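Step one of this worksheet: look at the structure below.
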Amino acid sequence: MINKRLLVGNADDARNPPPQVGAVLMVAEEQNVAVPDRVLFAKIPLKEFGEPTAAAISQAVEWIAANLPDQRLMVCCRAGMGRSVSVVIAYLCCVEGMAYADAVKLVLTRRPGGMPLPRLQEVIDVVSGYRRNRSVSPTGNID
């Protein structure tokens, strides 16, 4: 549990989320999971160990922001240590306004062994800029 409403999990957690979880975001490209009918579900695929695209991180952040106020939400990937952790860090920075270092410290304290994806901070900067401007949609990898 990262905070009272936001959790990180693995693929097995996504298939069988705790009863208090009302929404699951799967960010593992290679995982296809079925969740219980009571759970709101979305999949925004990220490659394992790859650099995340600004478009995918933006989409994930927006989905969390839209759905978190209504229920507890769990972000999942295969192991629950890389992509899911990275998306939660991005959400904390882009929506909650946390500094990158503070978001990383919080998430890794709550999820020991987590490993943010390569160049995550740069991607978060792009997504944060997009959210401030809302004029140009982010696309592709950071050069």
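Naming works like this for the structure tokens: A, B, ... for the chains as they're shown, residue 1 at the start of each chain, ligands 1 onward in shown order.
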Nearby residues (only C-alpha atoms) at most 12 Å from Ala11 of chain A, same-chain spacing under 5 positions excluded, as a list in words: Asn16, Pro17, Val24, Leu25, Met26, Val27, Ala28, Glu29, Glu30, Gln31, Asn32, Val33, Ala34, Val35, Lys43, Met74, Val75, Cys76, Cys77, Arg78, Ala79, Gly80, Met81, Arg83 and Ser84 of chain A
Would you mind writing down, as a PyMOL selection string, each residue of chain A that DSSP on the backbone assigns to helix (DSSP H, G or I)? chain A and resi 11-15+54-70+83-94+100-110+120-133
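Atom pair atom CA of Val87 of chain A / atom CA of Asp37 of chain A has a distance of 23.9 Å (rounded to one decimal).
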Can you tell me which residues surround segment 46-58 of chain A at a distance of at most 12 Å, considering only C-alpha atoms, apart from same-chain residues fewer than 5 positions away, and format the answer as a count of residues only? 55
Filtered DSSP result for segment 29-95 of chain A, state strand (DSSP E), as a PDB file with N, CA and C atoms, in the first residue's frame:
```pdb
ATOM      1  N   LEU A  40     -13.235  -2.415 -11.641  1.00  0.00           N
ATOM      2  CA  LEU A  40     -12.987  -1.629 -12.840  1.00  0.00           C
ATOM      3  C   LEU A  40     -11.570  -1.955 -13.309  1.00  0.00           C
ATOM      4  N   PHE A  41     -11.380  -2.151 -14.619  1.00  0.00           N
ATOM      5  CA  PHE A  41     -10.087  -2.620 -15.121  1.00  0.00           C
ATOM      6  C   PHE A  41      -9.683  -1.861 -16.373  1.00  0.00           C
ATOM      7  N   ALA A  42      -8.393  -1.578 -16.465  1.00  0.00           N
ATOM      8  CA  ALA A  42      -7.812  -1.031 -17.692  1.00  0.00           C
ATOM      9  C   ALA A  42      -6.418  -1.613 -17.858  1.00  0.00           C
ATOM     10  N   LYS A  43      -5.988  -1.668 -19.113  1.00  0.00           N
ATOM     11  CA  LYS A  43      -4.630  -2.110 -19.419  1.00  0.00           C
ATOM     12  C   LYS A  43      -3.964  -1.048 -20.278  1.00  0.00           C
ATOM     13  N   ILE A  44      -2.822  -0.577 -19.809  1.00  0.00           N
ATOM     14  CA  ILE A  44      -1.997   0.371 -20.554  1.00  0.00           C
ATOM     15  C   ILE A  44      -0.617  -0.265 -20.623  1.00  0.00           C
ATOM     16  N   PRO A  45      -0.278  -0.874 -21.758  1.00  0.00           N
ATOM     17  CA  PRO A  45       0.918  -1.718 -21.833  1.00  0.00           C
ATOM     18  C   PRO A  45       2.240  -0.949 -21.857  1.00  0.00           C
ATOM     19  N   LEU A  46       3.144  -1.408 -21.000  1.00  0.00           N
ATOM     20  CA  LEU A  46       4.530  -0.943 -20.990  1.00  0.00           C
ATOM     21  C   LEU A  46       5.431  -2.163 -21.127  1.00  0.00           C
ATOM     22  N   ARG A  72     -10.373   2.461  -3.946  1.00  0.00           N
ATOM     23  CA  ARG A  72      -8.960   2.084  -3.861  1.00  0.00           C
ATOM     24  C   ARG A  72      -8.564   1.488  -5.196  1.00  0.00           C
ATOM     25  N   LEU A  73      -7.351   1.811  -5.602  1.00  0.00           N
ATOM     26  CA  LEU A  73      -6.881   1.429  -6.926  1.00  0.00           C
ATOM     27  C   LEU A  73      -5.523   0.748  -6.796  1.00  0.00           C
ATOM     28  N   MET A  74      -5.341  -0.335  -7.544  1.00  0.00           N
ATOM     29  CA  MET A  74      -4.077  -1.067  -7.531  1.00  0.00           C
ATOM     30  C   MET A  74      -3.476  -1.044  -8.930  1.00  0.00           C
ATOM     31  N   VAL A  75      -2.211  -0.642  -9.015  1.00  0.00           N
ATOM     32  CA  VAL A  75      -1.464  -0.658 -10.272  1.00  0.00           C
ATOM     33  C   VAL A  75      -0.601  -1.911 -10.258  1.00  0.00           C
ATOM     34  N   CYS A  76      -0.705  -2.717 -11.317  1.00  0.00           N
ATOM     35  CA  CYS A  76      -0.033  -4.019 -11.349  1.00  0.00           C
ATOM     36  C   CYS A  76       0.809  -4.192 -12.606  1.00  0.00           C
TER      37      CYS A  76
END
```
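Compared by their closest atoms to Ile2 of chain A, and using only C-alpha atoms, the residues A:Arg38, A:Lys105, A:Arg111, A:Arg132 rank with A:Arg111 nearest.
Going from atom CA of Gly113 of chain A over to atom CA of Asp13 of chain A, you cover 17.2 Å.
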